[in-house]
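Participant: Hey, dropping run-v4.tsv in here, TSV, C-alpha atoms:
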```tsv
chain	number	residue	atom	x	y	z
A	502	MET	CA	-23.01	49.69	55.20
A	503	THR	CA	-25.53	50.77	57.87
A	504	ARG	CA	-23.02	50.28	60.66
A	505	SER	CA	-20.33	52.37	58.98
A	506	LYS	CA	-22.88	55.10	58.26
A	507	ALA	CA	-23.90	55.13	61.94
A	508	VAL	CA	-20.26	55.36	62.96
A	509	ALA	CA	-19.75	58.31	60.60
A	510	TRP	CA	-22.74	60.17	61.99
A	511	ALA	CA	-21.67	59.40	65.56
A	512	GLY	CA	-18.23	60.82	64.78
A	513	GLY	CA	-19.81	63.99	63.39
A	514	ALA	CA	-21.96	64.45	66.48
A	515	PHE	CA	-18.98	63.82	68.74
A	516	TYR	CA	-16.99	66.42	66.82
A	517	LEU	CA	-19.65	69.07	67.38
A	518	LEU	CA	-19.82	68.14	71.07
A	519	MET	CA	-16.06	68.42	71.46
A	520	MET	CA	-15.96	71.77	69.70
A	521	GLY	CA	-18.74	73.04	71.95
A	522	LEU	CA	-16.84	71.95	75.02
A	523	LEU	CA	-13.67	73.50	73.64
A	524	VAL	CA	-15.39	76.86	73.20
A	525	ALA	CA	-17.23	76.79	76.52
A	526	GLY	CA	-14.67	75.22	78.83
A	527	THR	CA	-11.39	76.63	77.62
A	528	ALA	CA	-12.34	80.10	76.51
A	529	ARG	CA	-9.40	81.67	78.33
A	530	ALA	CA	-6.83	79.19	77.07
A	531	PRO	CA	-4.15	80.39	74.60
A	532	GLY	CA	-4.93	80.28	70.90
A	533	MET	CA	-2.41	77.46	70.43
A	534	VAL	CA	-4.54	75.23	72.66
A	535	HIS	CA	-7.64	76.03	70.63
A	536	GLY	CA	-5.87	75.25	67.37
A	537	LEU	CA	-4.48	71.97	68.67
A	538	GLY	CA	-7.88	70.99	70.04
A	539	SER	CA	-9.53	71.72	66.69
A	540	LEU	CA	-6.97	69.61	64.83
A	541	LEU	CA	-7.52	66.69	67.20
A	542	ALA	CA	-11.29	67.02	67.09
A	543	VAL	CA	-11.46	67.06	63.27
A	544	SER	CA	-10.27	63.45	63.25
A	545	MET	CA	-13.79	62.59	64.43
A	546	LEU	CA	-15.03	63.69	61.01
A	547	ALA	CA	-13.08	61.00	59.13
A	548	GLY	CA	-16.21	58.93	58.43
A	549	VAL	CA	-18.18	61.99	57.30
A	550	VAL	CA	-15.29	63.10	55.06
A	551	ARG	CA	-15.30	59.68	53.38
A	552	ARG	CA	-19.04	59.75	52.73
A	553	MET	CA	-19.96	63.45	52.46
A	554	PRO	CA	-16.85	65.64	52.28
A	555	LEU	CA	-18.82	68.83	51.66
A	556	LEU	CA	-20.87	68.30	54.81
A	557	ALA	CA	-17.67	67.61	56.73
A	558	LEU	CA	-16.21	70.88	55.40
A	559	ALA	CA	-19.29	72.79	56.52
A	560	MET	CA	-19.11	71.25	60.00
A	561	ALA	CA	-15.39	72.05	60.25
A	562	LEU	CA	-16.05	75.66	59.19
A	563	VAL	CA	-18.78	76.04	61.81
A	564	GLY	CA	-16.66	74.49	64.57
A	565	SER	CA	-13.49	76.41	63.74
A	566	THR	CA	-15.37	79.70	63.39
A	567	ALA	CA	-17.01	79.16	66.77
A	568	VAL	CA	-13.61	78.53	68.35
A	569	ALA	CA	-12.06	81.62	66.73
A	570	ALA	CA	-15.00	83.83	67.65
A	571	GLY	CA	-15.27	82.42	71.17
A	572	MET	CA	-11.81	83.50	72.24
A	573	PRO	CA	-11.91	86.59	74.46
A	574	SER	CA	-10.87	89.83	72.84
A	575	ALA	CA	-8.24	90.33	75.48
A	576	THR	CA	-6.02	87.92	73.66
A	577	HIS	CA	-6.42	89.81	70.41
A	578	GLY	CA	-3.36	91.90	70.63
A	579	SER	CA	-0.98	89.38	72.09
A	580	ASP	CA	-2.12	85.97	70.82
A	581	GLN	CA	-1.66	85.35	67.14
A	582	GLY	CA	-3.06	81.81	67.48
A	583	ARG	CA	-6.72	82.80	67.37
A	584	PHE	CA	-7.17	81.46	63.83
A	585	LEU	CA	-5.12	78.26	64.16
A	586	SER	CA	-8.39	76.33	64.39
A	587	TYR	CA	-8.85	76.90	60.66
A	588	LEU	CA	-6.01	74.46	60.02
A	589	ALA	CA	-8.59	71.74	60.67
A	590	VAL	CA	-10.73	73.27	57.91
A	591	ASP	CA	-7.74	73.17	55.58
A	592	LEU	CA	-7.30	69.45	56.24
A	593	VAL	CA	-10.89	68.75	55.28
A	594	LEU	CA	-10.54	71.07	52.29
A	595	GLY	CA	-7.61	68.99	51.02
A	596	ALA	CA	-9.81	65.89	51.18
A	597	VAL	CA	-12.52	67.71	49.19
A	598	VAL	CA	-10.02	68.70	46.49
A	599	ALA	CA	-8.70	65.12	46.34
A	600	THR	CA	-12.11	63.46	45.97
A	601	ARG	CA	-14.60	65.86	44.40
A	602	ALA	CA	-14.99	67.31	40.91
A	603	ARG	CA	-12.99	70.36	39.93
A	604	ARG	CA	-15.94	72.74	39.91
A	605	THR	CA	-17.07	71.55	43.34
A	606	SER	CA	-13.54	71.88	44.69
A	607	ILE	CA	-13.20	75.44	43.41
A	608	GLY	CA	-16.50	76.37	45.06
A	609	ALA	CA	-15.43	74.78	48.35
A	610	VAL	CA	-12.11	76.64	48.28
A	611	ALA	CA	-13.84	79.95	47.55
A	612	VAL	CA	-16.42	79.55	50.32
A	613	SER	CA	-13.78	78.48	52.83
A	614	PHE	CA	-11.51	81.41	51.97
A	615	VAL	CA	-14.36	83.95	52.15
A	616	VAL	CA	-15.51	82.66	55.56
A	617	GLN	CA	-11.99	82.76	56.96
A	618	LEU	CA	-11.35	86.22	55.52
A	619	LEU	CA	-14.56	87.61	57.01
A	620	VAL	CA	-13.78	86.20	60.46
A	621	MET	CA	-10.22	87.48	60.31
A	622	GLY	CA	-11.49	90.89	59.22
A	623	SER	CA	-13.77	90.97	62.25
A	624	PHE	CA	-11.04	90.23	64.80
A	625	SER	CA	-7.83	91.53	63.15
A	626	TYR	CA	-6.77	95.02	62.14
A	627	GLY	CA	-3.94	96.61	60.20
A	628	ASN	CA	-0.82	94.53	59.85
A	629	ASP	CA	-2.34	91.66	61.83
A	630	LEU	CA	-5.07	91.29	59.22
A	631	ILE	CA	-2.53	91.18	56.40
A	632	VAL	CA	-0.32	88.65	58.18
A	633	ASN	CA	-3.22	86.42	59.18
A	634	GLY	CA	-4.69	86.60	55.68
A	635	VAL	CA	-1.40	85.64	54.06
A	636	LEU	CA	-0.89	82.75	56.49
A	637	ALA	CA	-4.43	81.50	55.91
A	638	LEU	CA	-3.93	81.70	52.14
A	639	LEU	CA	-0.64	79.79	52.34
A	640	ALA	CA	-2.15	77.08	54.55
A	641	MET	CA	-5.12	76.73	52.20
A	642	ALA	CA	-2.84	76.57	49.16
A	643	ALA	CA	-0.73	73.87	50.81
A	644	SER	CA	-3.79	71.75	51.60
A	645	CYS	CA	-5.14	72.17	48.07
A	646	MET	CA	-1.79	71.18	46.55
A	647	ALA	CA	-1.70	68.09	48.75
A	648	GLY	CA	-5.23	67.24	47.64
A	649	LEU	CA	-4.29	67.71	43.97
A	650	LEU	CA	-1.25	65.46	44.36
A	651	ILE	CA	-3.38	62.75	45.96
A	652	ARG	CA	-5.93	63.08	43.16
A	653	GLN	CA	-3.27	62.86	40.45
A	654	ARG	CA	-1.68	59.85	42.11
A	655	ARG	CA	-5.02	58.09	42.32
A	656	GLU	CA	-5.86	58.92	38.69
A	657	HIS	CA	-2.43	57.72	37.60
A	658	ALA	CA	-2.90	54.45	39.48
A	659	ALA	CA	-6.31	54.01	37.86
A	660	ALA	CA	-4.80	54.68	34.42
A	661	LEU	CA	-2.07	52.11	35.06
A	662	ARG	CA	-4.66	49.53	36.10
A	663	SER	CA	-6.68	50.24	32.96
A	664	GLN	CA	-3.56	49.92	30.85
A	665	GLU	CA	-2.67	46.61	32.51
A	666	VAL	CA	-6.17	45.31	31.86
A	667	ALA	CA	-6.00	46.42	28.22
A	668	GLU	CA	-2.59	44.78	27.77
A	669	ALA	CA	-3.84	41.58	29.38
A	670	VAL	CA	-6.86	41.54	27.06
A	671	THR	CA	-4.61	42.14	24.03
A	672	ALA	CA	-2.21	39.40	25.10
A	673	GLU	CA	-5.09	36.98	25.60
A	674	ARG	CA	-6.51	37.84	22.17
A	675	LEU	CA	-3.12	37.21	20.58
A	676	ARG	CA	-2.81	33.91	22.44
A	677	LEU	CA	-6.25	32.81	21.26
A	678	ALA	CA	-5.46	33.93	17.71
A	679	ARG	CA	-2.27	31.86	17.70
A	680	GLU	CA	-4.00	28.88	19.22
A	681	LEU	CA	-6.90	28.92	16.77
A	682	HIS	CA	-4.57	29.53	13.82
A	683	ASP	CA	-2.25	26.67	14.76
A	684	MET	CA	-5.18	24.39	15.55
A	685	VAL	CA	-7.16	24.99	12.38
A	686	ALA	CA	-4.55	25.78	9.74
A	687	HIS	CA	-2.92	22.34	9.79
A	688	SER	CA	-6.23	20.50	9.56
A	689	ILE	CA	-7.61	22.76	6.84
A	690	GLY	CA	-4.42	22.29	4.82
A	691	ILE	CA	-4.77	18.52	5.00
A	692	ILE	CA	-8.46	18.71	4.12
A	693	ALA	CA	-7.77	20.95	1.11
A	694	ILE	CA	-5.06	18.66	-0.23
A	695	GLN	CA	-7.10	15.50	0.29
A	696	ALA	CA	-10.14	17.12	-1.33
A	697	GLY	CA	-8.02	17.98	-4.36
A	698	VAL	CA	-6.65	14.46	-4.56
A	699	GLY	CA	-10.11	12.97	-4.24
A	700	SER	CA	-11.58	15.17	-6.97
A	701	ARG	CA	-8.81	14.18	-9.39
A	702	VAL	CA	-9.00	10.41	-8.88
A	703	ILE	CA	-12.66	9.88	-8.06
A	704	GLN	CA	-13.39	8.62	-11.58
A	705	THR	CA	-10.24	6.60	-12.19
A	706	GLN	CA	-9.21	5.44	-8.70
A	707	PRO	CA	-12.27	5.15	-6.45
A	708	ALA	CA	-10.31	3.42	-3.67
A	709	GLU	CA	-7.92	6.36	-3.32
A	710	ALA	CA	-10.84	8.76	-3.46
A	711	ARG	CA	-12.56	6.91	-0.62
A	712	GLU	CA	-9.32	6.99	1.40
A	713	ALA	CA	-9.08	10.76	0.84
A	714	LEU	CA	-12.65	11.19	2.02
A	715	ARG	CA	-11.95	9.10	5.12
A	716	THR	CA	-8.94	11.32	5.88
A	717	ILE	CA	-11.06	14.42	5.41
A	718	GLU	CA	-13.71	13.04	7.76
A	719	ALA	CA	-11.22	12.07	10.47
A	720	THR	CA	-9.38	15.39	10.25
A	721	SER	CA	-12.63	17.34	10.36
A	722	ARG	CA	-13.82	15.47	13.44
A	723	GLN	CA	-10.51	16.05	15.20
A	724	THR	CA	-10.62	19.77	14.37
A	725	LEU	CA	-14.19	20.10	15.61
A	726	SER	CA	-13.22	18.33	18.83
A	727	SER	CA	-10.31	20.72	19.35
A	728	LEU	CA	-12.49	23.74	18.68
A	729	ARG	CA	-15.11	22.48	21.07
A	730	ARG	CA	-12.48	21.92	23.77
A	731	THR	CA	-11.20	25.47	23.30
A	732	LEU	CA	-14.70	26.95	23.48
A	733	VAL	CA	-15.51	24.97	26.61
A	734	ALA	CA	-12.32	26.21	28.25
A	735	LEU	CA	-13.14	29.79	27.29
A	736	ARG	CA	-16.64	29.55	28.74
A	737	GLN	CA	-15.27	28.10	31.96
A	738	ALA	CA	-12.66	30.85	32.20
A	739	ASP	CA	-15.34	33.47	31.58
A	740	ARG	CA	-17.24	32.15	34.59
A	741	GLY	CA	-14.10	32.09	36.70
A	742	ALA	CA	-14.34	28.31	36.99
A	743	LEU	CA	-11.43	27.20	34.86
A	744	ALA	CA	-9.33	26.30	37.88
A	745	SER	CA	-12.04	24.27	39.59
A	746	GLN	CA	-13.83	22.69	36.62
A	747	ARG	CA	-11.66	20.74	34.23
A	748	SER	CA	-12.90	19.96	30.78
A	749	PRO	CA	-13.80	16.31	30.39
A	750	LEU	CA	-12.29	16.35	26.92
A	751	GLU	CA	-8.73	15.38	26.09
A	752	PRO	CA	-5.90	17.63	27.35
A	753	SER	CA	-3.94	20.08	25.26
A	754	PRO	CA	-1.50	18.43	22.84
A	755	GLY	CA	2.23	18.24	23.42
A	756	LEU	CA	5.40	16.74	21.98
A	757	ALA	CA	4.14	13.26	22.84
A	758	ASP	CA	1.57	13.77	20.06
A	759	VAL	CA	4.10	14.58	17.34
A	760	GLU	CA	3.93	11.03	15.97
A	761	ARG	CA	0.17	11.35	15.54
A	762	LEU	CA	0.73	14.70	13.86
A	763	ALA	CA	3.28	13.07	11.56
A	764	ALA	CA	0.76	10.38	10.64
A	765	ALA	CA	-1.84	13.00	9.75
A	766	THR	CA	0.75	14.84	7.66
A	767	ALA	CA	1.62	11.61	5.89
A	768	ASP	CA	-2.05	11.24	4.96
A	769	ALA	CA	-1.69	14.60	3.22
A	770	GLY	CA	1.17	13.23	1.12
A	771	VAL	CA	4.23	14.34	3.08
A	772	ARG	CA	6.17	11.67	4.96
A	773	VAL	CA	7.61	12.92	8.24
A	774	GLU	CA	10.71	11.48	9.87
A	775	VAL	CA	10.72	12.18	13.61
A	776	ARG	CA	13.96	12.00	15.56
A	777	ARG	CA	14.28	12.55	19.31
A	778	THR	CA	17.54	13.00	21.17
A	779	GLY	CA	18.45	13.73	24.75
A	780	GLU	CA	16.88	12.58	27.98
A	781	ARG	CA	13.13	13.01	27.78
A	782	ARG	CA	11.50	14.40	30.89
A	783	PRO	CA	8.26	16.15	31.87
A	784	LEU	CA	7.97	19.66	30.44
A	785	PRO	CA	5.96	22.61	31.67
A	786	ALA	CA	2.62	22.71	29.91
A	787	ASP	CA	3.31	26.02	28.16
A	788	ILE	CA	6.64	24.85	26.73
A	789	ASP	CA	5.20	21.49	25.69
A	790	LEU	CA	2.25	23.12	23.91
A	791	ALA	CA	4.40	25.82	22.27
A	792	ALA	CA	6.86	23.26	20.90
A	793	TYR	CA	4.02	21.15	19.52
A	794	ARG	CA	2.36	24.15	17.87
A	795	ILE	CA	5.65	25.22	16.28
A	796	VAL	CA	6.10	21.74	14.79
A	797	GLN	CA	2.47	21.72	13.68
A	798	GLU	CA	2.69	25.08	11.94
A	799	ALA	CA	6.00	24.17	10.29
A	800	LEU	CA	4.51	20.94	8.95
A	801	THR	CA	1.47	22.85	7.73
A	802	ASN	CA	3.74	25.14	5.73
A	803	VAL	CA	5.58	22.13	4.31
A	804	VAL	CA	2.30	20.61	3.14
A	805	ARG	CA	1.08	23.86	1.65
A	806	HIS	CA	4.17	25.39	0.15
A	807	ALA	CA	7.19	23.10	-0.03
A	808	ASP	CA	6.03	20.83	-2.87
A	809	THR	CA	7.96	17.90	-1.45
A	810	GLY	CA	7.15	14.40	-0.33
A	811	CYS	CA	9.18	14.25	2.89
A	812	CYS	CA	10.57	16.31	5.72
A	813	ARG	CA	12.41	15.81	9.01
A	814	VAL	CA	11.51	16.78	12.57
A	815	ALA	CA	14.28	16.79	15.17
A	816	ILE	CA	13.51	17.23	18.88
A	817	ASP	CA	16.43	17.55	21.28
A	818	PHE	CA	15.99	17.59	25.07
A	819	GLY	CA	19.08	19.48	26.16
A	820	ASP	CA	20.16	20.22	29.69
A	821	GLU	CA	19.16	23.87	29.50
A	822	GLU	CA	16.93	24.19	26.45
A	823	LEU	CA	14.58	22.30	24.18
A	824	SER	CA	15.49	22.43	20.49
A	825	VAL	CA	12.94	21.78	17.76
A	826	GLU	CA	13.84	21.72	14.07
A	827	VAL	CA	11.73	21.06	10.98
A	828	VAL	CA	13.63	20.74	7.69
A	829	ASP	CA	12.39	19.95	4.18
A	830	ASP	CA	13.96	19.63	0.74
A	831	GLY	CA	11.25	21.46	-1.16
A	832	ARG	CA	11.08	24.76	-2.98
A	833	GLY	CA	12.27	26.67	0.04
A	834	ALA	CA	11.47	30.35	-0.47
A	835	PRO	CA	8.11	31.03	-2.14
A	836	TRP	CA	6.44	31.90	1.16
A	837	ASN	CA	7.13	33.97	4.24
A	838	GLY	CA	5.32	35.05	7.36
A	839	SER	CA	4.59	38.61	6.30
A	840	ALA	CA	3.39	37.90	2.78
A	841	GLN	CA	1.37	34.73	3.19
A	842	GLY	CA	-0.09	34.83	6.70
A	843	PHE	CA	0.67	34.73	10.37
A	844	GLY	CA	2.39	31.34	10.63
A	845	ILE	CA	5.97	32.43	11.23
A	846	VAL	CA	4.81	35.47	13.19
A	847	GLY	CA	2.83	33.22	15.50
A	848	MET	CA	5.74	30.82	15.93
A	849	ARG	CA	8.09	33.67	16.80
A	850	GLU	CA	5.57	35.04	19.29
A	851	ARG	CA	5.25	31.65	20.98
A	852	ALA	CA	9.01	31.32	21.29
A	853	GLY	CA	9.44	34.92	22.45
A	854	LEU	CA	6.84	34.58	25.20
A	855	LEU	CA	8.92	31.75	26.67
A	856	ASN	CA	12.20	33.72	26.34
A	857	GLY	CA	13.19	31.49	23.45
A	858	HIS	CA	14.33	32.10	19.89
A	859	LEU	CA	13.00	30.98	16.52
A	860	SER	CA	14.66	31.19	13.12
A	861	ALA	CA	12.99	30.38	9.83
A	862	GLY	CA	14.29	30.68	6.31
A	863	PRO	CA	15.47	28.88	3.17
A	864	ARG	CA	18.52	26.64	3.34
A	865	PRO	CA	21.55	27.21	1.08
A	866	GLU	CA	21.33	23.63	-0.19
A	867	GLY	CA	17.60	24.01	-0.90
A	868	GLY	CA	14.45	23.61	1.09
A	869	PHE	CA	13.32	25.40	4.21
A	870	ARG	CA	14.30	25.20	7.85
A	871	VAL	CA	12.43	26.19	11.01
A	872	ALA	CA	14.41	25.95	14.27
A	873	ALA	CA	13.27	26.93	17.76
A	874	ARG	CA	15.14	26.98	21.06
A	875	LEU	CA	13.09	27.15	24.23
A	876	PRO	CA	14.76	27.49	27.65
A	877	LEU	CA	13.98	24.62	30.02
A	878	PRO	CA	13.69	24.60	33.82
A	879	GLU	CA	15.97	22.40	35.87
A	880	PRO	CA	15.62	18.72	34.91
A	881	ALA	CA	13.06	16.90	37.02
A	882	GLY	CA	15.24	13.81	37.10
A	883	VAL	CA	12.52	11.49	35.85
A	884	ALA	CA	12.80	10.07	32.38
A	885	VAL	CA	9.66	9.80	30.33
A	886	ASP	CA	9.22	6.75	28.14
A	887	ALA	CA	8.43	7.52	24.52
A	888	ARG	CA	4.86	6.90	23.50
```
Let me see whether you can do it: turn the structure in this file into structure tokens.
Facilitator:
Amino acid sequence: MTRSKAVAWAGGAFYLLMMGLLVAGTARAPGMVHGLGSLLAVSMLAGVVRRMPLLALAMALVGSTAVAAGMPSATHGSDQGRFLSYLAVDLVLGAVVATRARRTSIGAVAVSFVVQLLVMGSFSYGNDLIVNGVLALLAMAASCMAGLLIRQRREHAAALRSQEVAEAVTAERLRLARELHDMVAHSIGIIAIQAGVGSRVIQTQPAEAREALRTIEATSRQTLSSLRRTLVALRQADRGALASQRSPLEPSPGLADVERLAAATADAGVRVEVRRTGERRPLPADIDLAAYRIVQEALTNVVRHADTGCCRVAIDFGDEELSVEVVDDGRGAPWNGSAQGFGIVGMRERAGLLNGHLSAGPRPEGGFRVAARLPLPEPAGVAVDAR
């Protein structure tokens, strides 16, 4: 910071030195030479413009005025380039308009125009004054328009970045909402059913009541472990250390855990038949997790709403897509995603984020069917043994 500040001040001092030499050493040169020299010299003010644009404008006004006033009057009638040095002022003025507040910019434009008009009025007369004034006004307007365009472009870019950040935050919130819903809803459904079973048979069938309590305990512990894993991952991501610090807890679930999910669902009173077809192979983590969560949410809805004792889960590893289907023979249509919760909405969102498709609805022959198709990358060529 100190070095760049010193460079900026050195550039400002060098600019004043160059302008002094331009006035003293080339006083009899044509006005075009003075204007070109002023434009080249103003580049020395780049550091000052970045840090203190108003000071840079004042220095450019002083230097350009000295050049315009230092030209000999003999060139007045024949050389219309006396005031070309003010083009350097216009360049700095454009930077002021692009970077400073509107009120400050208006003041800078007014001061610059008044100074130029006074100098032109001192050295121009009649038609020359009108022509020089119009040219100065046009040059100043062009620089201000360029500054406004730069400002608008920068503000638009900042707005786009803010919008991208807001969309990323919203997408992350939706992802967390789906993850927490899918993680907790299944377990809470099992706990609620087992609690109801236990309360009904605790007096007449103590063994079944104890089994229900054991299921509730195991499910609760598993849910707490999953919640803790999610919270640990969120804390690590918040510190920017998710990529370098892996949670020591178990990894995210996938289709390899469907059998364990089926066993937990069976404890809730719904027997699950799992069928796998196709050549099993490693899946990307997002597809594996999404497919598992879709099966989990579908089984949760079967336990809660279907009023049936069995259902079927079919998983097909196709060449181009993964197909997941959950079918039951229960009541079929007393629930839906919009009326009862976010289950189907979350499943559709998961499939949509992976460019897949999900359909859910009652079957003509009775029951309910959830089917998802998720596009797969090219096969890795390595078969995965079933666990």
Participant: Could you pull out every residue with an atom within 8 Å of (7.9, 14.5, 19.8), file coordinates, counting only C-alpha atoms, and send them as JSON, numbers by chain?
Facilitator: {"A": [755, 756, 757, 758, 759, 760, 775, 776, 777, 793, 816]}
Participant: Please report the interatomic distance between CA of Ile717 (chain A) and CA of Val871 (chain A) in Å with one decimal.
Facilitator: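 So the answer is 26.9 Å.
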Participant: Rank nothing, just name the residue among A:Ala596, A:Leu784, A:Ala686, A:Leu619 nearest to Arg652 (chain A), using all atoms listed in the file.
Facilitator: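 Using all atoms listed in the file, Arg652 (chain A) sits closest to A:Ala596.
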Participant: Take CA of Met553 (chain A) and CA of Leu594 (chain A) and report the distance between them in Å, one decimal.
Facilitator: 12.1 Å
Participant: Near Gln653 (chain A), counting only C-alpha atoms, which residues have an atom at most 9 Å away, once you skip same-chain residues fewer than 5 positions from it, shown as a ChimeraX atom specification?
Facilitator: /A:599,648,658
Participant: Report, in Å to a single decimal, how far apart CA of Arg832 (chain A) and CA of Ala769 (chain A) are.
Facilitator: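 If I compute the distance from CA of Ala769 (chain A) to CA of Arg832 (chain A), I get 17.5 Å.
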Participant: Within 10 Å of Thr766 (chain A), counting all atoms listed in the file, which residues show up once you throw out same-chain ones fewer than 3 positions away? Write them as number ranges by chain, please.
Facilitator: A: 687-688, 690-691, 760-763, 769-773, 797, 800-801, 803-804, 811
